[in-house]
>>> print(open('my_file28.cif').read())   # mmCIF, C-alpha atoms and all ligand atoms
data_my_file
loop_
_atom_site.group_PDB
_atom_site.id
_atom_site.type_symbol
_atom_site.label_atom_id
_atom_site.label_comp_id
_atom_site.auth_asym_id
_atom_site.auth_seq_id
_atom_site.Cartn_x
_atom_site.Cartn_y
_atom_site.Cartn_z
ATOM 1 C CA ARG W 893 -94.068 218.718 -74.579
ATOM 2 C CA ARG W 894 -92.641 221.388 -76.864
ATOM 3 C CA VAL W 895 -88.876 221.278 -77.412
ATOM 4 C CA ILE W 896 -87.090 224.349 -78.782
ATOM 5 C CA GLY W 897 -83.530 224.522 -80.106
ATOM 6 C CA LEU W 898 -82.053 227.926 -79.192
ATOM 7 C CA VAL W 899 -78.891 228.731 -81.152
ATOM 8 C CA VAL W 900 -76.762 231.624 -79.912
ATOM 9 C CA ALA W 901 -74.939 233.356 -82.751
ATOM 10 C CA ALA W 902 -74.412 236.934 -81.623
ATOM 11 C CA GLY W 903 -70.675 236.691 -80.969
ATOM 12 C CA ALA W 904 -67.994 238.603 -82.846
ATOM 13 C CA GLY W 905 -65.752 235.584 -83.424
ATOM 14 C CA GLU W 906 -62.643 237.567 -82.509
ATOM 15 C CA ARG W 907 -60.353 234.585 -81.952
ATOM 16 C CA ALA W 908 -61.198 233.120 -85.366
ATOM 17 C CA GLY W 909 -60.584 236.403 -87.167
ATOM 18 C CA GLY W 910 -61.572 236.771 -90.816
ATOM 19 C CA GLY W 911 -63.785 239.433 -92.325
ATOM 20 C CA VAL W 912 -67.070 238.017 -91.057
ATOM 21 C CA PRO W 913 -67.972 236.378 -87.690
ATOM 22 C CA LYS W 914 -67.106 232.660 -87.779
ATOM 23 C CA GLN W 915 -70.744 231.490 -87.579
ATOM 24 C CA TYR W 916 -71.381 233.064 -90.995
ATOM 25 C CA ARG W 917 -68.338 231.493 -92.655
ATOM 26 C CA ARG W 918 -69.113 228.650 -95.041
ATOM 27 C CA VAL W 919 -67.731 225.175 -94.457
ATOM 28 C CA ALA W 920 -68.036 222.965 -97.548
ATOM 29 C CA GLY W 921 -70.594 225.341 -99.016
ATOM 30 C CA ARG W 922 -72.941 225.762 -96.037
ATOM 31 C CA ALA W 923 -72.669 228.404 -93.307
ATOM 32 C CA VAL W 924 -71.572 227.209 -89.857
ATOM 33 C CA ILE W 925 -74.742 228.650 -88.244
ATOM 34 C CA ALA W 926 -76.945 226.861 -90.786
ATOM 35 C CA ARG W 927 -75.183 223.569 -90.059
ATOM 36 C CA ALA W 928 -75.633 224.105 -86.301
ATOM 37 C CA CYS W 929 -79.370 224.681 -86.846
ATOM 38 C CA ASP W 930 -79.686 221.764 -89.300
ATOM 39 C CA GLY W 931 -78.702 219.255 -86.620
ATOM 40 C CA LEU W 932 -81.437 220.504 -84.301
ATOM 41 C CA ALA W 933 -84.126 220.995 -86.955
ATOM 42 C CA ALA W 934 -83.571 217.503 -88.353
ATOM 43 C CA HIS W 935 -84.164 215.812 -84.993
ATOM 44 C CA PRO W 936 -87.704 214.416 -84.700
ATOM 45 C CA ALA W 937 -88.029 215.421 -81.018
ATOM 46 C CA ILE W 938 -87.287 219.095 -81.693
ATOM 47 C CA ASP W 939 -90.291 221.211 -82.614
ATOM 48 C CA ALA W 940 -88.691 224.526 -83.570
ATOM 49 C CA VAL W 941 -85.357 226.332 -83.851
ATOM 50 C CA HIS W 942 -84.797 229.949 -82.830
ATOM 51 C CA VAL W 943 -81.542 231.846 -83.354
ATOM 52 C CA VAL W 944 -80.010 234.818 -81.542
ATOM 53 C CA ILE W 945 -77.998 237.118 -83.808
ATOM 54 C CA GLY W 946 -75.992 240.305 -83.411
ATOM 55 C CA ALA W 947 -77.534 243.687 -84.161
ATOM 56 C CA GLY W 948 -77.317 244.379 -87.885
ATOM 57 C CA GLN W 949 -76.695 240.739 -88.847
ATOM 58 C CA GLU W 950 -80.122 240.151 -90.397
ATOM 59 C CA ALA W 951 -78.716 240.157 -93.935
ATOM 60 C CA LEU W 952 -75.907 237.768 -92.985
ATOM 61 C CA LEU W 953 -78.469 235.440 -91.410
ATOM 62 C CA ALA W 954 -80.712 235.466 -94.471
ATOM 63 C CA GLU W 955 -77.737 234.809 -96.732
ATOM 64 C CA ALA W 956 -76.567 231.914 -94.530
ATOM 65 C CA PHE W 957 -79.943 230.206 -94.981
ATOM 66 C CA GLY W 958 -80.370 230.952 -98.664
ATOM 67 C CA GLY W 959 -83.067 233.546 -97.948
ATOM 68 C CA ASN W 960 -85.122 231.316 -95.631
ATOM 69 C CA PRO W 961 -83.832 231.885 -92.060
ATOM 70 C CA PRO W 962 -85.409 230.551 -88.855
ATOM 71 C CA ALA W 963 -87.063 232.863 -86.331
ATOM 72 C CA TRP W 964 -84.535 235.201 -84.718
ATOM 73 C CA THR W 965 -83.941 237.630 -81.854
ATOM 74 C CA ILE W 966 -81.165 240.209 -81.346
ATOM 75 C CA GLY W 967 -78.609 239.210 -78.697
ATOM 76 C CA GLY W 968 -76.318 241.161 -76.399
ATOM 77 C CA ALA W 969 -72.742 241.960 -75.444
ATOM 78 C CA THR W 970 -72.016 238.646 -73.701
ATOM 79 C CA ARG W 971 -73.061 235.070 -74.421
ATOM 80 C CA ARG W 972 -75.225 235.185 -71.307
ATOM 81 C CA ASP W 973 -77.002 238.346 -72.528
ATOM 82 C CA SER W 974 -77.681 236.584 -75.823
ATOM 83 C CA VAL W 975 -79.039 233.472 -74.102
ATOM 84 C CA ARG W 976 -81.337 235.575 -71.937
ATOM 85 C CA ALA W 977 -82.660 237.454 -74.969
ATOM 86 C CA GLY W 978 -83.386 234.131 -76.644
ATOM 87 C CA LEU W 979 -85.027 232.586 -73.582
ATOM 88 C CA ALA W 980 -87.355 235.593 -73.362
ATOM 89 C CA ALA W 981 -88.361 235.242 -77.010
ATOM 90 C CA ILE W 982 -89.352 231.567 -77.123
ATOM 91 C CA ASP W 983 -92.306 229.501 -75.946
ATOM 92 C CA GLY W 984 -92.011 225.864 -74.980
ATOM 93 C CA THR W 985 -91.421 223.371 -72.200
ATOM 94 C CA ILE W 986 -87.837 222.269 -72.912
ATOM 95 C CA VAL W 987 -84.972 224.234 -74.438
ATOM 96 C CA LEU W 988 -81.720 222.976 -75.938
ATOM 97 C CA ILE W 989 -79.282 225.898 -75.826
ATOM 98 C CA HIS W 990 -76.649 225.471 -78.527
ATOM 99 C CA ASP W 991 -73.616 227.403 -79.824
ATOM 100 C CA ALA W 992 -73.813 228.412 -83.493
ATOM 101 C CA ALA W 993 -70.063 227.727 -83.605
ATOM 102 C CA ARG W 994 -70.651 223.943 -83.299
ATOM 103 C CA PRO W 995 -71.665 222.897 -86.815
ATOM 104 C CA PHE W 996 -71.912 219.114 -86.374
ATOM 105 C CA LEU W 997 -74.554 217.694 -84.023
ATOM 106 C CA PRO W 998 -74.999 213.915 -83.869
ATOM 107 C CA ALA W 999 -78.678 212.989 -83.333
ATOM 108 C CA ALA W 1000 -77.638 210.469 -80.660
ATOM 109 C CA VAL W 1001 -76.405 213.313 -78.427
ATOM 110 C CA VAL W 1002 -79.871 214.918 -78.539
ATOM 111 C CA ASP W 1003 -81.419 211.520 -77.700
ATOM 112 C CA ARG W 1004 -79.150 211.188 -74.668
ATOM 113 C CA LEU W 1005 -79.845 214.737 -73.457
ATOM 114 C CA LEU W 1006 -83.625 214.361 -73.641
ATOM 115 C CA ALA W 1007 -83.509 210.946 -71.940
ATOM 116 C CA ALA W 1008 -81.372 212.352 -69.109
ATOM 117 C CA LEU W 1009 -83.937 215.109 -68.447
ATOM 118 C CA ASP W 1010 -86.304 212.422 -67.117
ATOM 119 C CA ASP W 1011 -84.148 212.216 -63.981
ATOM 120 C CA ALA W 1012 -82.294 215.547 -63.819
ATOM 121 C CA ASP W 1013 -82.981 219.304 -63.966
ATOM 122 C CA GLY W 1014 -80.568 219.703 -66.843
ATOM 123 C CA ALA W 1015 -78.261 217.697 -69.094
ATOM 124 C CA VAL W 1016 -75.043 218.526 -70.957
ATOM 125 C CA PRO W 1017 -72.713 216.612 -73.302
ATOM 126 C CA ALA W 1018 -69.261 216.021 -71.841
ATOM 127 C CA LEU W 1019 -66.005 214.412 -72.904
ATOM 128 C CA PRO W 1020 -63.202 213.403 -70.549
ATOM 129 C CA VAL W 1021 -60.048 215.519 -70.842
ATOM 130 C CA ALA W 1022 -57.407 213.474 -72.684
ATOM 131 C CA ASP W 1023 -54.314 215.712 -72.631
ATOM 132 C CA THR W 1024 -52.140 216.528 -69.636
ATOM 133 C CA LEU W 1025 -53.286 219.780 -68.041
ATOM 134 C CA ALA W 1026 -50.754 222.224 -66.640
ATOM 135 C CA ARG W 1027 -50.565 225.847 -65.551
ATOM 136 C CA GLY W 1028 -48.050 228.227 -67.050
ATOM 137 C CA ASP W 1029 -47.541 230.902 -69.642
ATOM 138 C CA ALA W 1030 -43.991 230.617 -71.045
ATOM 139 C CA ALA W 1031 -42.512 228.295 -68.430
ATOM 140 C CA LEU W 1032 -44.259 225.110 -67.367
ATOM 141 C CA GLY W 1033 -46.035 225.346 -64.059
ATOM 142 C CA ASP W 1034 -47.928 222.824 -61.977
ATOM 143 C CA THR W 1035 -49.656 219.904 -63.631
ATOM 144 C CA VAL W 1036 -53.365 219.771 -62.799
ATOM 145 C CA ALA W 1037 -54.752 216.275 -62.240
ATOM 146 C CA ARG W 1038 -57.102 215.608 -65.144
ATOM 147 C CA ALA W 1039 -58.916 212.653 -63.581
ATOM 148 C CA GLY W 1040 -62.587 213.513 -63.278
ATOM 149 C CA LEU W 1041 -62.291 216.643 -65.458
ATOM 150 C CA ASN W 1042 -64.582 217.087 -68.450
ATOM 151 C CA ARG W 1043 -64.867 219.243 -71.531
ATOM 152 C CA ILE W 1044 -68.461 220.499 -71.539
ATOM 153 C CA GLN W 1045 -70.138 220.997 -74.910
ATOM 154 C CA THR W 1046 -73.533 222.164 -76.139
ATOM 155 C CA PRO W 1047 -76.473 221.656 -76.710
ATOM 156 C CA GLN W 1048 -77.439 221.983 -73.049
ATOM 157 C CA ALA W 1049 -80.967 220.861 -72.202
ATOM 158 C CA PHE W 1050 -83.248 222.306 -69.512
ATOM 159 C CA PRO W 1051 -86.927 222.846 -68.744
ATOM 160 C CA LEU W 1052 -87.523 226.365 -70.077
ATOM 161 C CA PRO W 1053 -88.969 227.927 -66.876
ATOM 162 C CA LEU W 1054 -86.124 226.460 -64.803
ATOM 163 C CA ILE W 1055 -83.297 227.915 -66.889
ATOM 164 C CA ARG W 1056 -85.066 231.275 -67.220
ATOM 165 C CA ALA W 1057 -85.325 231.513 -63.423
ATOM 166 C CA ALA W 1058 -81.715 230.389 -62.984
ATOM 167 C CA HIS W 1059 -80.491 233.155 -65.304
ATOM 168 C CA ALA W 1060 -82.615 235.694 -63.429
ATOM 169 C CA ALA W 1061 -80.932 234.619 -60.172
ATOM 170 C CA TRP W 1062 -77.327 234.682 -61.497
ATOM 171 C CA PRO W 1063 -75.304 237.705 -60.230
ATOM 172 C CA GLU W 1064 -75.610 240.606 -62.677
ATOM 173 C CA GLY W 1065 -72.337 241.455 -64.383
ATOM 174 C CA GLU W 1066 -70.702 238.093 -63.711
ATOM 175 C CA GLU W 1067 -69.914 236.179 -66.910
ATOM 176 C CA ALA W 1068 -70.833 232.524 -67.424
ATOM 177 C CA THR W 1069 -69.338 230.559 -70.307
ATOM 178 C CA ASP W 1070 -72.242 228.125 -70.383
ATOM 179 C CA ASP W 1071 -75.749 227.650 -69.009
ATOM 180 C CA ALA W 1072 -75.157 224.534 -66.931
ATOM 181 C CA GLN W 1073 -73.088 226.534 -64.438
ATOM 182 C CA VAL W 1074 -75.993 228.977 -64.156
ATOM 183 C CA ALA W 1075 -78.411 226.094 -63.488
ATOM 184 C CA ARG W 1076 -76.081 224.567 -60.891
ATOM 185 C CA ALA W 1077 -75.636 227.889 -59.121
ATOM 186 C CA ALA W 1078 -79.420 227.972 -58.707
ATOM 187 C CA GLY W 1079 -79.260 224.587 -56.983
ATOM 188 C CA HIS W 1080 -80.238 222.317 -59.874
ATOM 189 C CA GLY W 1081 -78.716 218.935 -60.632
ATOM 190 C CA VAL W 1082 -77.240 218.707 -64.125
ATOM 191 C CA ALA W 1083 -76.527 215.297 -65.648
ATOM 192 C CA LEU W 1084 -73.537 214.562 -67.869
ATOM 193 C CA VAL W 1085 -74.183 212.527 -71.008
ATOM 194 C CA ALA W 1086 -71.569 211.341 -73.484
ATOM 195 C CA GLY W 1087 -70.509 214.159 -75.801
ATOM 196 C CA ASP W 1088 -68.923 213.773 -79.216
ATOM 197 C CA ALA W 1089 -65.697 215.114 -80.733
ATOM 198 C CA ALA W 1090 -67.722 216.165 -83.782
ATOM 199 C CA LEU W 1091 -69.444 218.700 -81.508
ATOM 200 C CA ASP W 1092 -66.259 220.582 -80.689
ATOM 201 C CA LYS W 1093 -66.587 224.342 -81.023
ATOM 202 C CA LEU W 1094 -64.923 226.220 -83.864
ATOM 203 C CA THR W 1095 -62.886 228.825 -82.012
ATOM 204 C CA THR W 1096 -59.813 229.571 -84.170
ATOM 205 C CA ALA W 1097 -59.180 229.870 -87.908
ATOM 206 C CA ASP W 1098 -57.432 226.498 -87.635
ATOM 207 C CA ASP W 1099 -60.606 224.899 -86.272
ATOM 208 C CA ILE W 1100 -62.511 226.153 -89.323
ATOM 209 C CA ALA W 1101 -59.858 224.790 -91.692
ATOM 210 C CA ARG W 1102 -59.966 221.413 -89.914
ATOM 211 C CA ALA W 1103 -63.759 221.277 -90.132
ATOM 212 C CA GLU W 1104 -63.492 221.942 -93.849
ATOM 213 C CA ALA W 1105 -60.944 219.142 -94.252
ATOM 214 C CA ARG W 1106 -63.047 216.672 -92.270
ATOM 215 C CA LEU W 1107 -66.108 217.407 -94.390
ATOM 216 C CA ALA W 1108 -64.088 217.089 -97.574
ATOM 217 C CA ALA W 1109 -62.917 213.679 -96.368
ATOM 218 C CA ARG W 1110 -66.528 212.859 -95.345
ATOM 219 C CA LEU W 1111 -65.475 212.148 -91.784
ATOM 220 C CA VAL W 1112 -68.547 213.893 -90.335
HETATM 221 N N1 LIG E 1201 -72.239 234.358 -78.452
HETATM 222 C C1 LIG E 1201 -73.400 235.139 -78.472
HETATM 223 N N2 LIG E 1201 -73.374 236.411 -77.990
HETATM 224 C C2 LIG E 1201 -72.238 236.942 -77.482
HETATM 225 C C3 LIG E 1201 -71.049 236.162 -77.437
HETATM 226 C C4 LIG E 1201 -71.084 234.864 -77.923
HETATM 227 O O1 LIG E 1201 -74.437 234.670 -78.935
HETATM 228 N N3 LIG E 1201 -72.263 238.209 -77.050
HETATM 229 C C5 LIG E 1201 -72.250 233.019 -79.050
HETATM 230 C C6 LIG E 1201 -71.280 232.886 -80.209
HETATM 231 O O2 LIG E 1201 -71.849 233.394 -81.421
HETATM 232 C C7 LIG E 1201 -70.989 231.396 -80.252
HETATM 233 C C8 LIG E 1201 -71.189 230.962 -78.782
HETATM 234 O O3 LIG E 1201 -71.820 232.057 -78.110
HETATM 235 O O4 LIG E 1201 -71.896 230.691 -81.085
HETATM 236 C C9 LIG E 1201 -69.885 230.580 -78.115
HETATM 237 O O5 LIG E 1201 -69.058 231.716 -77.987
HETATM 238 P P1 LIG E 1201 -67.584 231.873 -78.576
HETATM 239 O O6 LIG E 1201 -67.093 230.603 -79.139
HETATM 240 O O7 LIG E 1201 -66.775 232.569 -77.533
HETATM 241 O O8 LIG E 1201 -67.849 232.843 -79.831
HETATM 242 P P2 LIG E 1201 -67.446 234.369 -79.983
HETATM 243 O O9 LIG E 1201 -67.699 235.086 -78.710
HETATM 244 O O10 LIG E 1201 -68.118 234.866 -81.200
HETATM 245 O O11 LIG E 1201 -65.880 234.257 -80.279
HETATM 246 P P3 LIG E 1201 -64.693 235.079 -79.569
HETATM 247 O O12 LIG E 1201 -64.856 234.826 -78.084
HETATM 248 O O13 LIG E 1201 -63.456 234.493 -80.140
HETATM 249 O O14 LIG E 1201 -64.911 236.521 -79.951
HETATM 250 MG MG MG E 1202 -66.649 234.574 -76.923
#
>>> encode(input="my_file28.cif", output="C-alpha cells", more="lines below")
Ligand code: CTP
Ligand code: MG
Amino acid sequence: RRVIGLVVAAGAGERAGGGVPKQYRRVAGRAVIARACDGLAAHPAIDAVHVVIGAGQEALLAEAFGGNPPAWTIGGATRRDSVRAGLAAIDGTIVLIHDAARPFLPAAVVDRLLAALDDADGAVPALPVADTLARGDAALGDTVARAGLNRIQTPQAFPLPLIRAAHAAWPEGEEATDDAQVARAAGHGVALVAGDAALDKLTTADDIARAEARLAARLV
C-alpha cells in the first residue's frame, strides 16, 4: 500500500482577500499550506505529500516551506481541474485529497478515513449541521430541515485508480466542490467518518484571524 496526501492549493482565495492567496498567508509564523501539509506528512500511514499550485506560484511555495517544498504540479482554473492535474502526477494506491486552506488536521481523522476504506470505496470527514438552515437573501425564507445534513470536510480518501476514473467520467464543464460527489456520481459508496471543527476551511479574512487567535491561545 502506498498512501499519498494530495493538497490542492491553486485557488485565488478571492473571498479571503489580502495581497496573497490565503494558503500562502502565515498563521502564527507558518504558512497555511505548510500547516495543511504538515498534518499529512506527520502521519505514519502517509508515504508522501504532493501539492498542486497555481501557475507562477513556485516562489510563494518555496517561501512557505522555508526553501524546502514538497513535490508539486501546476493546477487549473477550477478546484476539479487542480485535483485532476494532481491525480495525474502521483503514483500510489490510496490518495487523501486535501484543501490547502485547512491548516489543522487531527491524526485521528486520518486514522478513521483509512479504516473506513476497508469497507467503502471512499471516506470523508463530516460534521452534523448545528445551526438552523434557511433560504433567503434579505428577507427570511423557508427553513430547511437540518436533520441528517452534514458539513463535509477534507481530506477525502479514495483508491487512486477509482477516483481518477470517477473524475474522467464526470460531465466536462460541470463544477464539483469536492471529490466525494464525483465518486458517488460514478456509483461508488462513500463512508462518513467523524470530522473535526479544527478542520474547518479558512474561507474569509475572519476565518484567518480566528485561526491565528486559536493558535495563540494554543487551542489547536
Ligand atoms: N483550489 C485549487 N484550484 C482552484 C480552486 C481552488 O486548487 N482552481 C483549492 C484552493 O486553493 C483551496 C481548495 O481548493 O485549498 C478549496 O477551495 P476554496 O476554499 O474555494 O479556495 P479558493 O478557490 O482559493 O477561494 P475563493 O473561492 O474564495 O476564491
Ligand atoms: Mg473557490
>>> closest_residue(input="my_file28.cif", among="W:Ala1078, W:Ala969, W:Leu997, W:Ile938", to="ligand MG 1202 (chain E)", atoms="only C-alpha atoms and all ligand atoms")
W:Ala969
>>> closest_atom_pairs(input="my_file28.cif", of="chain W", to="ligand MG 1202 (chain E)", cutoff="12 Å", atoms="all atoms listed in the file", output="JSON lines")
{"residue": "W:Val900", "atom": "CA", "partner": "E:MG1202", "partner_atom": "MG", "distance": 11.0}
{"residue": "W:Ala901", "atom": "CA", "partner": "E:MG1202", "partner_atom": "MG", "distance": 10.2}
{"residue": "W:Ala902", "atom": "CA", "partner": "E:MG1202", "partner_atom": "MG", "distance": 9.4}
{"residue": "W:Gly903", "atom": "CA", "partner": "E:MG1202", "partner_atom": "MG", "distance": 6.1}
{"residue": "W:Ala904", "atom": "CA", "partner": "E:MG1202", "partner_atom": "MG", "distance": 7.3}
{"residue": "W:Gly905", "atom": "CA", "partner": "E:MG1202", "partner_atom": "MG", "distance": 6.6}
{"residue": "W:Glu906", "atom": "CA", "partner": "E:MG1202", "partner_atom": "MG", "distance": 7.5}
{"residue": "W:Arg907", "atom": "CA", "partner": "E:MG1202", "partner_atom": "MG", "distance": 8.1}
{"residue": "W:Ala908", "atom": "CA", "partner": "E:MG1202", "partner_atom": "MG", "distance": 10.2}
{"residue": "W:Pro913", "atom": "CA", "partner": "E:MG1202", "partner_atom": "MG", "distance": 11.0}
{"residue": "W:Lys914", "atom": "CA", "partner": "E:MG1202", "partner_atom": "MG", "distance": 11.0}
{"residue": "W:Gln915", "atom": "CA", "partner": "E:MG1202", "partner_atom": "MG", "distance": 11.8}
{"residue": "W:Gly968", "atom": "CA", "partner": "E:MG1202", "partner_atom": "MG", "distance": 11.7}
{"residue": "W:Ala969", "atom": "CA", "partner": "E:MG1202", "partner_atom": "MG", "distance": 9.7}
{"residue": "W:Thr970", "atom": "CA", "partner": "E:MG1202", "partner_atom": "MG", "distance": 7.5}
{"residue": "W:Arg971", "atom": "CA", "partner": "E:MG1202", "partner_atom": "MG", "distance": 6.9}
{"residue": "W:Arg972", "atom": "CA", "partner": "E:MG1202", "partner_atom": "MG", "distance": 10.3}
{"residue": "W:Asp973", "atom": "CA", "partner": "E:MG1202", "partner_atom": "MG", "distance": 11.9}
{"residue": "W:Ser974", "atom": "CA", "partner": "E:MG1202", "partner_atom": "MG", "distance": 11.3}
{"residue": "W:Asp991", "atom": "CA", "partner": "E:MG1202", "partner_atom": "MG", "distance": 10.4}
{"residue": "W:Ala992", "atom": "CA", "partner": "E:MG1202", "partner_atom": "MG", "distance": 11.5}
{"residue": "W:Ala993", "atom": "CA", "partner": "E:MG1202", "partner_atom": "MG", "distance": 10.2}
{"residue": "W:Glu1067", "atom": "CA", "partner": "E:MG1202", "partner_atom": "MG", "distance": 10.7}
{"residue": "W:Ala1068", "atom": "CA", "partner": "E:MG1202", "partner_atom": "MG", "distance": 10.6}
{"residue": "W:Thr1069", "atom": "CA", "partner": "E:MG1202", "partner_atom": "MG", "distance": 8.2}
{"residue": "W:Asp1070", "atom": "CA", "partner": "E:MG1202", "partner_atom": "MG", "distance": 10.8}
{"residue": "W:Lys1093", "atom": "CA", "partner": "E:MG1202", "partner_atom": "MG", "distance": 11.0}
{"residue": "W:Leu1094", "atom": "CA", "partner": "E:MG1202", "partner_atom": "MG", "distance": 11.0}
{"residue": "W:Thr1095", "atom": "CA", "partner": "E:MG1202", "partner_atom": "MG", "distance": 8.6}
{"residue": "W:Thr1096", "atom": "CA", "partner": "E:MG1202", "partner_atom": "MG", "distance": 11.1}
>>> write_last_selection(input="my_file28.cif", atoms="C-alpha atoms", output="JSON list (two decimals), in the coordinates of the input")
[["chain", "number", "residue", "atom", "x", "y", "z"],
["W", 900, "VAL", "CA", -76.76, 231.62, -79.91],
["W", 901, "ALA", "CA", -74.94, 233.36, -82.75],
["W", 902, "ALA", "CA", -74.41, 236.93, -81.62],
["W", 903, "GLY", "CA", -70.68, 236.69, -80.97],
["W", 904, "ALA", "CA", -67.99, 238.60, -82.85],
["W", 905, "GLY", "CA", -65.75, 235.58, -83.42],
["W", 906, "GLU", "CA", -62.64, 237.57, -82.51],
["W", 907, "ARG", "CA", -60.35, 234.58, -81.95],
["W", 908, "ALA", "CA", -61.20, 233.12, -85.37],
["W", 913, "PRO", "CA", -67.97, 236.38, -87.69],
["W", 914, "LYS", "CA", -67.11, 232.66, -87.78],
["W", 915, "GLN", "CA", -70.74, 231.49, -87.58],
["W", 968, "GLY", "CA", -76.32, 241.16, -76.40],
["W", 969, "ALA", "CA", -72.74, 241.96, -75.44],
["W", 970, "THR", "CA", -72.02, 238.65, -73.70],
["W", 971, "ARG", "CA", -73.06, 235.07, -74.42],
["W", 972, "ARG", "CA", -75.22, 235.18, -71.31],
["W", 973, "ASP", "CA", -77.00, 238.35, -72.53],
["W", 974, "SER", "CA", -77.68, 236.58, -75.82],
["W", 991, "ASP", "CA", -73.62, 227.40, -79.82],
["W", 992, "ALA", "CA", -73.81, 228.41, -83.49],
["W", 993, "ALA", "CA", -70.06, 227.73, -83.60],
["W", 1067, "GLU", "CA", -69.91, 236.18, -66.91],
["W", 1068, "ALA", "CA", -70.83, 232.52, -67.42],
["W", 1069, "THR", "CA", -69.34, 230.56, -70.31],
["W", 1070, "ASP", "CA", -72.24, 228.12, -70.38],
["W", 1093, "LYS", "CA", -66.59, 224.34, -81.02],
["W", 1094, "LEU", "CA", -64.92, 226.22, -83.86],
["W", 1095, "THR", "CA", -62.89, 228.82, -82.01],
["W", 1096, "THR", "CA", -59.81, 229.57, -84.17]]
>>> residues_around(input="my_file28.cif", residues="Leu1041 of chain W", least_positions_apart="5", cutoff="9 Å", atoms="all atoms listed in the file", output="VMD selection string")
chain W and resid 1019 to 1021
>>> axis_aligned_box(input="my_file28.cif", around="segment 988-992 of chain W", padding_each_side="6 Å", output="lines of an AutoDock Vina configuration file")
center_x = -77.7
center_y = 225.7
center_z = -79.7
size_x = 20.1
size_y = 17.4
size_z = 19.7
>>> atom_distance(input="my_file28.cif", atom1="atom CA of Ala1072 of chain W", atom2="atom CA of Thr1046 of chain W")
9.6 Å
>>> residues_around(input="my_file28.cif", residues="Arg1076 of chain W", least_positions_apart="6", cutoff="10 Å", atoms="only C-alpha atoms", output="ChimeraX atom specification")
/W:1013-1014,1055,1058,1082
>>> atom_distance(input="my_file28.cif", atom1="atom CA of Ala1039 of chain W", atom2="atom CA of Arg1004 of chain W")
23.1 Å
>>> closest_residue(input="my_file28.cif", among="W:Ala977, W:Leu1107, W:Ala1031, W:Leu932", to="Ala1000 of chain W", atoms="all atoms listed in the file")
W:Leu932
>>> residues_around(input="my_file28.cif", residues="Ala1007 of chain W", least_positions_apart="3", cutoff="12 Å", atoms="only C-alpha atoms", output="MDAnalysis selection string")
chainID W and resid 937 1000:1004 1010:1016 1049:1050 1083:1085
>>> closest_residue(input="my_file28.cif", among="W:Ala947, W:Leu1054, W:Ala1075, W:Ile982", to="Arg894 of chain W", atoms="all atoms listed in the file")
W:Ile982
>>> resolve_selection(input="my_file28.cif", expression="the PyMOL selection byres (((chain W and resi 920) around 10) and not hetatm)", output="PyMOL selection string")
chain W and resi 917-919+921-924+1103-1108
>>> atom_distance(input="my_file28.cif", atom1="atom CA of Val975 of chain W", atom2="atom C8 of ligand LIG 1201 (chain E)")
9.5 Å
>>> residues_around(input="my_file28.cif", residues="Ala963 of chain W", least_positions_apart="6", cutoff="9 Å", atoms="only C-alpha atoms", output="VMD selection string")
chain W and resid 940 to 944
>>> resolve_selection(input="my_file28.cif", expression="the PyMOL selection byres (((chain W and resi 1044) around 7) and not hetatm)", output="count of residues only")
7
>>> resolve_selection(input="my_file28.cif", expression="the PyMOL selection byres (((chain W and resi 1026) around 6) and not hetatm)", output="ChimeraX atom specification")
/W:1025,1027,1034-1036
>>> closest_residue(input="my_file28.cif", among="W:Ile925, W:Ala951, W:Ala1086, W:Leu1032", to="ligand LIG 1201 (chain E)", atoms="only C-alpha atoms and all ligand atoms")
W:Ile925
>>> closest_residue(input="my_file28.cif", among="W:Gly1065, W:Ala926, W:Ala980, W:Ala1101", to="Gly959 of chain W", atoms="all atoms listed in the file")
W:Ala926
>>> closest_residue(input="my_file28.cif", among="W:Val987, W:Ala1030, W:Ala1097, W:Ala1089", to="ligand LIG 1201 (chain E)", atoms="all atoms listed in the file")
W:Ala1097
